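Containing TSV, C-alpha atoms (C1' of nucleotides): final_28.tsv.
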```
chain	number	residue	atom	x	y	z
A	418	MET	CA	-23.53	-63.70	-66.10
A	419	ARG	CA	-22.68	-64.85	-62.62
A	420	VAL	CA	-19.06	-64.24	-61.53
A	421	SER	CA	-17.00	-65.77	-58.71
A	422	ARG	CA	-17.38	-64.51	-55.15
A	423	LYS	CA	-13.92	-62.98	-55.37
A	424	THR	CA	-14.86	-61.09	-58.52
A	425	ALA	CA	-18.18	-60.05	-56.99
A	426	GLU	CA	-16.34	-58.59	-53.99
A	427	LYS	CA	-14.00	-56.76	-56.36
A	428	ASN	CA	-16.98	-55.40	-58.32
A	429	ARG	CA	-18.53	-54.12	-55.11
A	430	GLU	CA	-15.32	-52.31	-54.22
A	431	THR	CA	-15.17	-50.83	-57.72
A	432	VAL	CA	-18.66	-49.43	-57.27
A	433	VAL	CA	-17.72	-47.81	-53.92
A	434	ARG	CA	-14.49	-46.37	-55.34
A	435	THR	CA	-16.22	-45.11	-58.48
A	436	ALA	CA	-18.98	-43.56	-56.37
A	437	SER	CA	-16.46	-41.82	-54.12
A	438	GLU	CA	-15.09	-40.03	-57.20
A	439	GLN	CA	-18.42	-39.42	-58.93
A	440	PHE	CA	-20.04	-37.97	-55.80
A	441	ARG	CA	-17.09	-35.62	-55.32
A	442	THR	CA	-17.35	-34.57	-58.98
A	443	TYR	CA	-21.13	-34.23	-59.35
A	444	GLY	CA	-22.45	-34.11	-55.77
A	445	TYR	CA	-24.63	-36.70	-54.04
A	446	ASP	CA	-27.70	-35.60	-56.01
A	447	GLY	CA	-25.82	-34.99	-59.25
A	448	ILE	CA	-25.43	-38.62	-60.29
A	449	GLY	CA	-27.95	-41.47	-60.22
A	450	VAL	CA	-27.65	-45.18	-59.55
A	451	ALA	CA	-27.89	-46.08	-63.26
A	452	ASN	CA	-25.02	-43.79	-64.30
A	453	LEU	CA	-22.95	-44.78	-61.28
A	454	MET	CA	-23.22	-48.47	-62.15
A	455	LYS	CA	-22.45	-47.72	-65.80
A	456	ALA	CA	-19.33	-45.78	-64.74
A	457	ALA	CA	-18.31	-48.85	-62.72
A	458	GLY	CA	-18.86	-51.08	-65.78
A	459	LEU	CA	-22.04	-52.74	-64.49
A	460	THR	CA	-25.81	-52.35	-64.94
A	461	GLN	CA	-28.23	-50.73	-62.54
A	462	GLY	CA	-30.17	-53.90	-61.70
A	463	GLY	CA	-27.33	-55.40	-59.70
A	464	PHE	CA	-27.03	-52.41	-57.41
A	465	TYR	CA	-29.65	-53.35	-54.83
A	466	LYS	CA	-28.21	-56.83	-54.37
A	467	GLN	CA	-24.96	-55.16	-53.30
A	468	PHE	CA	-26.28	-52.13	-51.37
A	469	LYS	CA	-29.30	-51.48	-49.20
A	470	SER	CA	-30.00	-48.10	-50.80
A	471	LYS	CA	-28.34	-45.17	-52.56
A	472	ASP	CA	-28.04	-43.49	-49.14
A	473	ALA	CA	-26.05	-46.48	-47.87
A	474	LEU	CA	-23.64	-46.18	-50.80
A	475	GLU	CA	-23.27	-42.44	-50.13
A	476	ILE	CA	-22.12	-43.27	-46.60
A	477	GLU	CA	-19.69	-46.02	-47.71
A	478	ALA	CA	-18.26	-43.96	-50.58
A	479	THR	CA	-17.76	-40.95	-48.30
A	480	GLU	CA	-16.02	-43.07	-45.67
A	481	LEU	CA	-13.62	-44.36	-48.33
A	482	ALA	CA	-13.02	-40.85	-49.71
A	483	LEU	CA	-12.26	-39.50	-46.23
A	484	GLU	CA	-9.86	-42.38	-45.47
A	485	GLU	CA	-8.01	-41.57	-48.68
A	486	ASN	CA	-7.87	-37.92	-47.60
A	487	LEU	CA	-6.21	-38.84	-44.32
A	488	GLU	CA	-3.69	-41.02	-46.16
A	489	LEU	CA	-2.89	-38.36	-48.79
A	490	TRP	CA	-2.26	-35.62	-46.23
A	491	SER	CA	0.01	-37.98	-44.33
A	492	GLN	CA	1.97	-38.83	-47.46
A	493	ALA	CA	2.29	-35.19	-48.47
A	494	MET	CA	3.85	-34.25	-45.12
A	495	ASP	CA	5.98	-37.38	-44.78
A	496	GLY	CA	9.56	-36.52	-43.86
A	497	ALA	CA	9.19	-32.78	-44.49
A	498	SER	CA	11.07	-30.33	-42.26
A	499	ASP	CA	8.23	-27.79	-42.53
A	500	PRO	CA	5.19	-30.10	-42.78
A	501	VAL	CA	2.54	-27.36	-42.76
A	502	GLN	CA	4.13	-25.44	-45.63
A	503	VAL	CA	4.62	-28.63	-47.65
A	504	LEU	CA	1.01	-29.63	-46.97
A	505	LYS	CA	-0.29	-26.20	-48.05
A	506	ASP	CA	1.82	-26.20	-51.21
A	507	TRP	CA	0.52	-29.61	-52.19
A	508	TYR	CA	-3.11	-28.95	-51.18
A	509	LEU	CA	-3.26	-25.57	-52.93
A	510	SER	CA	-1.51	-26.66	-56.12
A	511	PRO	CA	-3.22	-26.23	-59.53
A	512	GLN	CA	-3.19	-30.05	-59.80
A	513	HIS	CA	-5.38	-30.41	-56.71
A	514	VAL	CA	-7.64	-27.58	-57.84
A	515	SER	CA	-8.46	-29.44	-61.06
A	516	ALA	CA	-8.53	-32.96	-59.54
A	517	VAL	CA	-12.04	-32.55	-58.12
A	518	GLY	CA	-13.04	-36.24	-58.19
A	519	LYS	CA	-9.86	-37.48	-56.53
A	520	GLY	CA	-9.38	-34.38	-54.38
A	521	CYS	CA	-10.29	-33.22	-50.88
A	522	THR	CA	-13.67	-34.52	-49.71
A	523	TYR	CA	-14.20	-31.74	-47.18
A	524	ALA	CA	-14.02	-29.16	-49.98
A	525	THR	CA	-16.32	-31.04	-52.37
A	526	LEU	CA	-18.88	-32.63	-50.05
A	527	GLY	CA	-18.48	-30.96	-46.65
A	528	ALA	CA	-21.30	-28.47	-47.17
A	529	GLU	CA	-23.63	-31.13	-48.57
A	530	ALA	CA	-22.87	-33.47	-45.68
A	531	THR	CA	-24.65	-31.01	-43.38
A	532	ARG	CA	-27.91	-31.80	-45.21
A	533	GLN	CA	-27.47	-35.58	-45.43
A	534	GLY	CA	-28.59	-36.42	-41.93
A	535	SER	CA	-26.93	-37.46	-38.69
A	536	GLU	CA	-25.23	-40.62	-39.96
A	537	MET	CA	-23.27	-38.64	-42.56
A	538	GLN	CA	-22.44	-35.98	-39.99
A	539	HIS	CA	-21.08	-38.71	-37.76
A	540	VAL	CA	-18.87	-39.98	-40.62
A	541	PHE	CA	-17.52	-36.47	-41.19
A	542	GLY	CA	-17.13	-35.82	-37.47
A	543	THR	CA	-15.02	-38.94	-36.97
A	544	ALA	CA	-12.87	-38.13	-39.99
A	545	ILE	CA	-12.32	-34.50	-38.97
A	546	GLU	CA	-11.30	-35.60	-35.47
A	547	GLN	CA	-8.75	-38.06	-36.94
A	548	GLN	CA	-7.46	-35.50	-39.41
A	549	VAL	CA	-7.01	-32.84	-36.70
A	550	THR	CA	-5.23	-35.32	-34.42
A	551	ALA	CA	-2.92	-36.46	-37.24
A	552	LEU	CA	-2.09	-32.91	-38.29
A	553	ALA	CA	-1.59	-31.73	-34.71
A	554	GLY	CA	0.88	-34.59	-34.23
A	555	LYS	CA	3.09	-33.08	-36.91
A	556	LEU	CA	3.27	-29.74	-35.13
A	557	GLY	CA	5.34	-28.44	-32.20
A	558	ASP	CA	3.79	-26.82	-29.13
A	559	PRO	CA	1.29	-29.36	-27.71
A	560	ALA	CA	-0.83	-26.68	-25.98
A	561	GLU	CA	-2.01	-24.91	-29.11
A	562	THR	CA	-1.44	-27.57	-31.76
A	563	ARG	CA	-5.06	-28.67	-32.15
A	564	GLN	CA	-6.19	-25.10	-32.63
A	565	VAL	CA	-3.43	-24.51	-35.19
A	566	ALA	CA	-4.30	-27.78	-36.96
A	567	ILE	CA	-7.98	-26.79	-37.19
A	568	ARG	CA	-7.10	-23.30	-38.45
A	569	THR	CA	-4.78	-24.78	-41.09
A	570	MET	CA	-7.43	-27.24	-42.28
A	571	ALA	CA	-10.17	-24.62	-42.42
A	572	GLN	CA	-7.92	-22.17	-44.23
A	573	MET	CA	-6.96	-24.69	-46.90
A	574	ILE	CA	-10.52	-25.96	-47.43
A	575	GLY	CA	-11.95	-22.44	-47.67
A	576	THR	CA	-9.20	-21.39	-50.07
A	577	LEU	CA	-9.74	-24.39	-52.36
A	578	ILE	CA	-13.50	-23.77	-52.48
A	579	LEU	CA	-13.01	-20.09	-53.34
A	580	ALA	CA	-10.38	-20.89	-55.98
A	581	ARG	CA	-12.66	-23.44	-57.64
A	582	ALA	CA	-15.73	-21.20	-57.53
A	583	VAL	CA	-13.97	-18.64	-59.70
A	584	SER	CA	-13.46	-18.76	-63.48
A	585	ASP	CA	-10.99	-15.88	-63.76
A	586	ALA	CA	-7.48	-17.36	-63.81
A	587	ASP	CA	-5.77	-14.33	-62.24
A	588	LEU	CA	-8.18	-14.21	-59.33
A	589	GLN	CA	-7.82	-17.96	-58.85
A	590	ASP	CA	-4.05	-17.55	-58.74
A	591	GLU	CA	-4.28	-14.71	-56.26
A	592	ILE	CA	-6.53	-16.78	-54.00
A	593	LEU	CA	-4.21	-19.82	-54.07
A	594	GLN	CA	-1.17	-17.64	-53.40
A	595	ALA	CA	-2.88	-16.02	-50.41
A	596	GLY	CA	-3.63	-19.50	-49.03
A	597	ARG	CA	-0.07	-20.72	-49.40
A	598	GLY	CA	1.38	-17.65	-47.67
A	599	ALA	CA	1.54	-16.98	-43.89
B	436	MET	CA	-56.64	-15.16	-60.29
B	437	ARG	CA	-54.83	-12.39	-62.09
B	438	VAL	CA	-53.14	-9.80	-59.84
B	439	SER	CA	-51.90	-6.26	-60.58
B	440	ARG	CA	-48.52	-5.73	-62.25
B	441	LYS	CA	-47.18	-4.34	-59.00
B	442	THR	CA	-48.28	-7.47	-57.12
B	443	ALA	CA	-46.90	-9.68	-59.89
B	444	GLU	CA	-43.50	-7.99	-59.60
B	445	LYS	CA	-43.65	-8.47	-55.83
B	446	ASN	CA	-44.52	-12.15	-56.28
B	447	ARG	CA	-41.55	-12.59	-58.60
B	448	GLU	CA	-39.24	-11.05	-56.00
B	449	THR	CA	-40.72	-13.31	-53.33
B	450	VAL	CA	-39.88	-16.34	-55.48
B	451	VAL	CA	-36.25	-15.20	-55.92
B	452	ARG	CA	-35.86	-14.44	-52.20
B	453	THR	CA	-37.47	-17.71	-51.17
B	454	ALA	CA	-35.26	-19.59	-53.64
B	455	SER	CA	-32.12	-17.91	-52.30
B	456	GLU	CA	-32.94	-19.35	-48.86
B	457	GLN	CA	-34.18	-22.73	-50.04
B	458	PHE	CA	-31.16	-23.35	-52.26
B	459	ARG	CA	-28.82	-22.48	-49.38
B	460	THR	CA	-30.76	-24.85	-47.12
B	461	TYR	CA	-31.28	-27.82	-49.48
B	462	GLY	CA	-28.80	-27.24	-52.34
B	463	TYR	CA	-29.64	-26.47	-55.98
B	464	ASP	CA	-30.69	-30.08	-56.61
B	465	GLY	CA	-32.33	-30.55	-53.22
B	466	ILE	CA	-35.51	-28.60	-53.95
B	467	GLY	CA	-37.75	-28.65	-57.03
B	468	VAL	CA	-39.79	-25.98	-58.79
B	469	ALA	CA	-43.09	-27.22	-57.32
B	470	ASN	CA	-41.87	-27.04	-53.71
B	471	LEU	CA	-40.12	-23.72	-54.31
B	472	MET	CA	-43.31	-22.14	-55.63
B	473	LYS	CA	-45.30	-23.63	-52.76
B	474	ALA	CA	-42.79	-22.15	-50.27
B	475	ALA	CA	-43.34	-18.77	-51.98
B	476	GLY	CA	-47.12	-19.19	-51.65
B	477	LEU	CA	-47.79	-19.85	-55.35
B	478	THR	CA	-48.33	-22.86	-57.62
B	479	GLN	CA	-45.81	-24.43	-59.98
B	480	GLY	CA	-47.63	-23.54	-63.20
B	481	GLY	CA	-46.86	-19.86	-62.95
B	482	PHE	CA	-43.14	-20.40	-62.66
B	483	TYR	CA	-42.26	-20.55	-66.34
B	484	LYS	CA	-44.14	-17.34	-67.11
B	485	GLN	CA	-41.80	-15.62	-64.65
B	486	PHE	CA	-38.52	-17.45	-65.32
B	487	LYS	CA	-36.92	-18.98	-68.40
B	488	SER	CA	-35.83	-22.12	-66.54
B	489	LYS	CA	-34.86	-23.44	-63.12
B	490	ASP	CA	-31.22	-22.73	-64.04
B	491	ALA	CA	-32.11	-19.06	-64.61
B	492	LEU	CA	-33.67	-18.85	-61.14
B	493	GLU	CA	-30.59	-20.49	-59.62
B	494	ILE	CA	-28.47	-17.69	-61.10
B	495	GLU	CA	-30.83	-14.91	-59.94
B	496	ALA	CA	-31.29	-16.36	-56.47
B	497	THR	CA	-27.53	-16.80	-56.03
B	498	GLU	CA	-26.88	-13.21	-57.14
B	499	LEU	CA	-29.34	-11.98	-54.53
B	500	ALA	CA	-27.86	-14.21	-51.82
B	501	LEU	CA	-24.33	-12.97	-52.60
B	502	GLU	CA	-25.44	-9.33	-52.53
B	503	GLU	CA	-26.97	-9.92	-49.10
B	504	ASN	CA	-23.68	-11.48	-47.99
B	505	LEU	CA	-21.73	-8.37	-48.98
B	506	GLU	CA	-24.22	-6.20	-47.14
B	507	LEU	CA	-24.18	-8.33	-43.97
B	508	TRP	CA	-20.37	-8.39	-43.73
B	509	SER	CA	-20.35	-4.64	-44.15
B	510	GLN	CA	-22.93	-4.14	-41.42
B	511	ALA	CA	-21.12	-6.50	-39.05
B	512	MET	CA	-17.88	-4.52	-39.35
B	513	ASP	CA	-19.51	-1.08	-39.34
B	514	GLY	CA	-17.81	1.28	-36.91
B	515	ALA	CA	-15.73	-1.43	-35.21
B	516	SER	CA	-12.22	-0.61	-34.02
B	517	ASP	CA	-11.03	-4.15	-34.83
B	518	PRO	CA	-13.19	-5.00	-37.87
B	519	VAL	CA	-11.64	-8.41	-38.58
B	520	GLN	CA	-12.17	-9.67	-35.04
B	521	VAL	CA	-15.73	-8.37	-34.99
B	522	LEU	CA	-16.39	-9.96	-38.37
B	523	LYS	CA	-15.00	-13.31	-37.23
B	524	ASP	CA	-16.98	-13.24	-33.98
B	525	TRP	CA	-20.19	-12.58	-35.88
B	526	TYR	CA	-19.48	-15.01	-38.74
B	527	LEU	CA	-18.43	-17.85	-36.42
B	528	SER	CA	-21.23	-17.40	-33.90
B	529	PRO	CA	-23.60	-20.29	-33.06
B	530	GLN	CA	-26.40	-18.17	-34.57
B	531	HIS	CA	-24.73	-18.11	-37.97
B	532	VAL	CA	-23.88	-21.80	-37.76
B	533	SER	CA	-27.56	-22.67	-37.40
B	534	ALA	CA	-28.90	-20.01	-39.80
B	535	VAL	CA	-28.05	-22.04	-42.91
B	536	GLY	CA	-30.75	-20.60	-45.20
B	537	LYS	CA	-30.02	-16.98	-44.37
B	538	GLY	CA	-26.28	-17.52	-43.85
B	539	CYS	CA	-23.10	-17.30	-45.90
B	540	THR	CA	-23.61	-18.36	-49.53
B	541	TYR	CA	-19.95	-19.23	-50.08
B	542	ALA	CA	-20.15	-21.82	-47.30
B	543	THR	CA	-23.45	-23.36	-48.45
B	544	LEU	CA	-23.23	-23.18	-52.26
B	545	GLY	CA	-19.59	-22.40	-53.11
B	546	ALA	CA	-18.61	-26.02	-53.75
B	547	GLU	CA	-21.76	-26.67	-55.81
B	548	ALA	CA	-21.19	-23.52	-57.87
B	549	THR	CA	-18.09	-25.19	-59.32
B	550	ARG	CA	-20.35	-27.75	-61.00
B	551	GLN	CA	-23.05	-25.36	-62.21
B	552	GLY	CA	-21.27	-24.09	-65.30
B	553	SER	CA	-19.44	-20.95	-66.33
B	554	GLU	CA	-22.30	-18.49	-65.79
B	555	MET	CA	-22.55	-19.44	-62.11
B	556	GLN	CA	-18.78	-19.30	-61.76
B	557	HIS	CA	-18.89	-15.80	-63.18
B	558	VAL	CA	-21.50	-14.79	-60.60
B	559	PHE	CA	-19.33	-16.15	-57.79
B	560	GLY	CA	-16.17	-14.64	-59.27
B	561	THR	CA	-17.68	-11.17	-59.38
B	562	ALA	CA	-19.03	-11.47	-55.83
B	563	ILE	CA	-15.74	-12.77	-54.42
B	564	GLU	CA	-13.85	-9.91	-56.06
B	565	GLN	CA	-16.25	-7.38	-54.51
B	566	GLN	CA	-16.10	-9.05	-51.13
B	567	VAL	CA	-12.28	-9.11	-51.14
B	568	THR	CA	-12.11	-5.46	-52.17
B	569	ALA	CA	-14.61	-4.42	-49.49
B	570	LEU	CA	-12.84	-6.40	-46.76
B	571	ALA	CA	-9.39	-5.17	-47.85
B	572	GLY	CA	-10.69	-1.60	-47.59
B	573	LYS	CA	-11.30	-2.13	-43.86
B	574	LEU	CA	-7.69	-3.18	-43.25
B	575	GLY	CA	-4.46	-1.23	-42.78
B	576	ASP	CA	-1.35	-1.94	-44.86
B	577	PRO	CA	-2.38	-1.54	-48.53
B	578	ALA	CA	0.42	-3.80	-49.84
B	579	GLU	CA	-0.78	-6.99	-48.24
B	580	THR	CA	-4.42	-6.22	-47.54
B	581	ARG	CA	-5.93	-8.21	-50.40
B	582	GLN	CA	-3.95	-11.30	-49.39
B	583	VAL	CA	-5.02	-10.85	-45.77
B	584	ALA	CA	-8.63	-10.31	-46.84
B	585	ILE	CA	-8.61	-13.51	-48.93
B	586	ARG	CA	-7.01	-15.48	-46.10
B	587	THR	CA	-9.59	-14.18	-43.64
B	588	MET	CA	-12.49	-15.09	-45.94
B	589	ALA	CA	-11.14	-18.56	-46.70
B	590	GLN	CA	-10.46	-19.23	-43.04
B	591	MET	CA	-13.98	-18.26	-41.99
B	592	ILE	CA	-15.69	-20.20	-44.79
B	593	GLY	CA	-13.63	-23.35	-44.16
B	594	THR	CA	-14.27	-23.10	-40.43
B	595	LEU	CA	-18.04	-22.72	-40.87
B	596	ILE	CA	-18.18	-25.73	-43.22
B	597	LEU	CA	-16.21	-27.90	-40.80
B	598	ALA	CA	-18.31	-26.76	-37.84
B	599	ARG	CA	-21.55	-27.57	-39.66
B	600	ALA	CA	-20.33	-30.93	-40.95
B	601	VAL	CA	-19.89	-32.17	-37.39
B	602	SER	CA	-22.62	-33.38	-35.03
B	603	ASP	CA	-20.53	-33.50	-31.84
B	604	ALA	CA	-21.14	-30.25	-29.94
B	605	ASP	CA	-17.72	-30.17	-28.25
B	606	LEU	CA	-15.84	-30.62	-31.52
B	607	GLN	CA	-18.03	-27.98	-33.15
B	608	ASP	CA	-17.19	-25.60	-30.33
B	609	GLU	CA	-13.49	-26.32	-30.60
B	610	ILE	CA	-13.59	-25.66	-34.37
B	611	LEU	CA	-15.41	-22.35	-33.98
B	612	GLN	CA	-13.05	-21.24	-31.22
B	613	ALA	CA	-10.03	-22.04	-33.39
B	614	GLY	CA	-11.52	-19.94	-36.19
B	615	ARG	CA	-12.19	-16.95	-33.95
B	616	GLY	CA	-8.64	-16.97	-32.56
B	617	ALA	CA	-5.57	-15.57	-34.38
C	944	DA	C1'	-28.75	-75.75	-56.40
C	945	DT	C1'	-27.19	-71.37	-55.62
C	946	DT	C1'	-26.45	-66.77	-56.81
C	947	DA	C1'	-24.13	-62.50	-59.35
C	948	DT	C1'	-25.64	-59.89	-62.82
C	949	DC	C1'	-28.80	-58.76	-66.45
C	950	DT	C1'	-33.20	-56.83	-68.70
C	951	DA	C1'	-37.53	-54.87	-67.83
C	952	DT	C1'	-40.55	-52.14	-65.35
C	953	DA	C1'	-43.37	-50.06	-61.42
C	954	DG	C1'	-44.15	-45.89	-59.09
C	955	DA	C1'	-42.54	-41.48	-57.58
C	956	DT	C1'	-40.71	-37.09	-58.75
C	957	DC	C1'	-38.79	-33.53	-61.68
C	958	DT	C1'	-38.70	-29.92	-65.46
C	959	DA	C1'	-41.45	-27.83	-68.65
C	960	DT	C1'	-45.74	-26.91	-71.41
C	961	DA	C1'	-50.83	-26.36	-72.57
C	962	DG	C1'	-54.92	-24.50	-71.85
C	963	DA	C1'	-58.52	-22.77	-68.40
C	964	DT	C1'	-59.81	-19.13	-65.20
C	965	DA	C1'	-60.66	-14.69	-63.59
C	966	DA	C1'	-58.97	-10.13	-62.42
C	967	DT	C1'	-56.53	-6.05	-64.38
C	968	DG	C1'	-55.86	-2.29	-67.53
C	969	DC	C1'	-56.85	-0.04	-71.71
D	861	DA	C1'	-58.61	-7.56	-74.58
D	862	DT	C1'	-54.85	-8.71	-71.99
D	863	DT	C1'	-52.45	-11.39	-68.81
D	864	DA	C1'	-51.08	-13.36	-63.89
D	865	DT	C1'	-51.97	-17.41	-61.93
D	866	DC	C1'	-54.20	-21.82	-61.71
D	867	DT	C1'	-55.07	-26.94	-62.75
D	868	DA	C1'	-53.67	-30.71	-65.45
D	869	DT	C1'	-50.41	-33.32	-67.80
D	870	DA	C1'	-46.56	-34.77	-71.07
D	871	DG	C1'	-42.14	-36.71	-71.11
D	872	DA	C1'	-37.84	-37.54	-68.89
D	873	DT	C1'	-35.39	-39.34	-65.03
D	874	DC	C1'	-34.80	-41.34	-60.50
D	875	DT	C1'	-34.98	-45.04	-56.80
D	876	DA	C1'	-36.17	-49.54	-56.10
D	877	DT	C1'	-38.09	-54.22	-57.24
D	878	DA	C1'	-39.21	-58.52	-60.01
D	879	DG	C1'	-37.97	-62.11	-62.52
D	880	DA	C1'	-34.79	-64.09	-66.26
D	881	DT	C1'	-30.17	-65.73	-67.38
D	882	DA	C1'	-26.11	-68.19	-66.99
D	883	DA	C1'	-21.91	-69.17	-64.47
D	884	DT	C1'	-20.18	-70.74	-59.90
D	885	DG	C1'	-19.74	-73.88	-56.08
D	886	DC	C1'	-21.26	-77.73	-53.60
```

Starting from the file, lay out its structure as structure tokens.
Amino acid sequence: MRVSRKTAEKNRETVVRTASEQFRTYGYDGIGVANLMKAAGLTQGGFYKQFKSKDALEIEATELALEENLELWSQAMDGASDPVQVLKDWYLSPQHVSAVGKGCTYATLGAEATRQGSEMQHVFGTAIEQQVTALAGKLGDPAETRQVAIRTMAQMIGTLILARAVSDADLQDEILQAGRGA
Amino acid sequence: MRVSRKTAEKNRETVVRTASEQFRTYGYDGIGVANLMKAAGLTQGGFYKQFKSKDALEIEATELALEENLELWSQAMDGASDPVQVLKDWYLSPQHVSAVGKGCTYATLGAEATRQGSEMQHVFGTAIEQQVTALAGKLGDPAETRQVAIRTMAQMIGTLILARAVSDADLQDEILQAGRGA
DNA sequence: ATTATCTATAGATCTATAGATAATGC
DNA sequence: ATTATCTATAGATCTATAGATAATGC
């Protein structure tokens, strides 16, 4: 039953990574500790030896998801001559629309974060600040870049949420196209 | 205990209206039938004589919330010479940011709707289509108006979600200002 | 000997139902 | 007599804890 400390550390990371995808897919309240641990290949009993509470895991999993976000945006824009257009095309692709669990955390959990208390808001606040700074760095005019970066982020997030909320394929297409344009 | 049919119908409407606010505030999974009925001034036992299931109430309450949305946007733009700017100023005001329960349903429940099954997606799809059509009707150039309407909606929704996800007042202000500008 | 994970379960909460109560509506 | 709402509760599920099990690490 017992595993080595190295394996235990790996198991813990697997739980956080699994949770970061499951929360994005089902919401914080949409999946319980038992199913989370099962999805990570473990049993529920071990959970509270690794984490203080489900709330604590929500924070850790969200931090990981938001770090991945930052990394993915960076990669998408890397070396592009028109970084914003490349970012939009990647972010608003059908692949990202259907990749809910591995996709943008702002779009999946941003609205729920508002209800999760001040610690979660702090996690989102820090991440948004970093994301805006990183995106602004890719742009030209330093005076307006932060405002442009925020508008670009908001536009993409709002577009992805609308596209996903819709079942009609034509309307979804129209929404994504609008987001990619101007 | 029993009340007149007229009162019973009124009670049912109170439950739907209360639910439309409570779901926006706490999420579909964040409030139970017992607390919902208590918030409407009734007890939980009567619920299932009025509604088939909690899912059925979620659909009805969301339909009502989305109808109110359409109405509010319309009112905000009514008679304005620059309807989009007026709409943005109203939508991205500090009042709307804090009025979660009575505020925009796309921003509070749009991401969760994706997980609630095809019936809920259909409800959102229909509402989005109506909202886009109504907003496009307020704009000029008929060729691009739907795309502009969608972009405006997405931008506002994304901005509101980001603003609410943040606890830092300065960052929230910066986000809202970016959304109101160009 | 220590401890990572397991099985089992306590206690709270959630959806849904059953049957009692009392006012309406024929 | 009918029925809108109430109290009470069944059964499922959720978070969290207790104690058993068996492999690691001194």

Set out as JSON lines a contact list for chain A and chain C with a cut-off of 6 Å, giving each residue of chain A that qualifies its closest atom pair and distance in Å to one decimal, counting only C-alpha atoms (C1' of nucleotides), ordered by chain and rising residue number.
```
{"residue": "A:Met418", "atom": "CA", "partner": "C:DT948", "partner_atom": "C1'", "distance": 5.5}
{"residue": "A:Arg419", "atom": "CA", "partner": "C:DA947", "partner_atom": "C1'", "distance": 4.3}
{"residue": "A:Val420", "atom": "CA", "partner": "C:DA947", "partner_atom": "C1'", "distance": 5.8}
{"residue": "A:Gly463", "atom": "CA", "partner": "C:DT948", "partner_atom": "C1'", "distance": 5.7}
```

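One distance worth recording is that between CA of Gln582 in chain B and CA of Leu483 in chain A, which is 29.6 Å.
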
Kindly assemble as a tab-separated table a list of the chain A residues that lie within 7 Å of chain B, each paired with its nearest atom pair and their distance in Å to one decimal, using only C-alpha atoms, sorted first by chain and then by ascending residue number.
```
residue	atom	partner	partner_atom	distance
A:Tyr443	CA	B:Arg550	CA	6.7
A:Asp446	CA	B:Asp464	CA	6.3
A:Ala524	CA	B:Ala546	CA	6.7
A:Thr525	CA	B:Ala546	CA	5.7
A:Gly527	CA	B:Ala600	CA	6.0
A:Ala528	CA	B:Thr543	CA	5.7
A:Ala530	CA	B:Ala600	CA	5.9
A:Thr531	CA	B:Ala600	CA	5.0
A:Arg532	CA	B:Tyr461	CA	6.7
A:Ser535	CA	B:Ser602	CA	7.0
A:Gln538	CA	B:Val601	CA	5.3
A:His539	CA	B:Ser602	CA	6.2
A:Phe541	CA	B:Val601	CA	6.2
A:Gly542	CA	B:Val601	CA	4.6
A:Gln564	CA	B:Ala613	CA	5.0
A:Ile567	CA	B:Ile610	CA	6.4
A:Arg568	CA	B:Ala613	CA	6.0
A:Ala571	CA	B:Gly593	CA	4.1
A:Gln572	CA	B:Gln590	CA	4.1
A:Ile574	CA	B:Gly593	CA	5.2
A:Gly575	CA	B:Gly593	CA	4.0
A:Thr576	CA	B:Ala589	CA	4.8
A:Ile578	CA	B:Ala546	CA	5.7
A:Leu579	CA	B:Gly545	CA	7.0
A:Arg581	CA	B:Thr549	CA	5.9
A:Ala582	CA	B:Thr549	CA	5.0
A:Val583	CA	B:Gly560	CA	4.6
A:Ser584	CA	B:Gln556	CA	5.6
A:Asp585	CA	B:Gly560	CA	7.0
A:Ile592	CA	B:Ile585	CA	6.4
A:Ala595	CA	B:Gln582	CA	4.9
A:Gly596	CA	B:Arg586	CA	6.0
```

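Closest approach to Leu487 in chain A among A:Thr431, A:Gln467, A:Gly520, A:Gln547 is made by A:Gln547 (distances from only C-alpha atoms).
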
Would you mind reading off the distance between CA of Ser455 in chain B and CA of Ala500 in chain B, one decimal, in Å? 5.7 Å

Where is the centre and how long are the edges: axis-aligned box on range 433-445 of chain A, 8 Å on each side, Å to one decimal, as JSON:
```
{"center_x": -19.6, "center_y": -41.0, "center_z": -56.6, "size_x": 26.1, "size_y": 29.7, "size_z": 21.4}
```

List as a ChimeraX atom specification the protein and nucleic acid residues near Glu503 in chain B, meaning an atom at most 10 Å away when only C-alpha atoms (C1' of nucleotides) are counted, but skip any in the same chain fewer than 5 places from it. /B:497-498,508-509,537-540

Length of the CA of Ser470 in chain A to CA of Glu488 in chain A vector [Å]: 27.6 Å

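Nearest residue to Lys505 in chain A, choosing from A:Ala493, A:Leu481, A:Ala425, A:Ala457 and counting all atoms listed in the file: A:Ala493.
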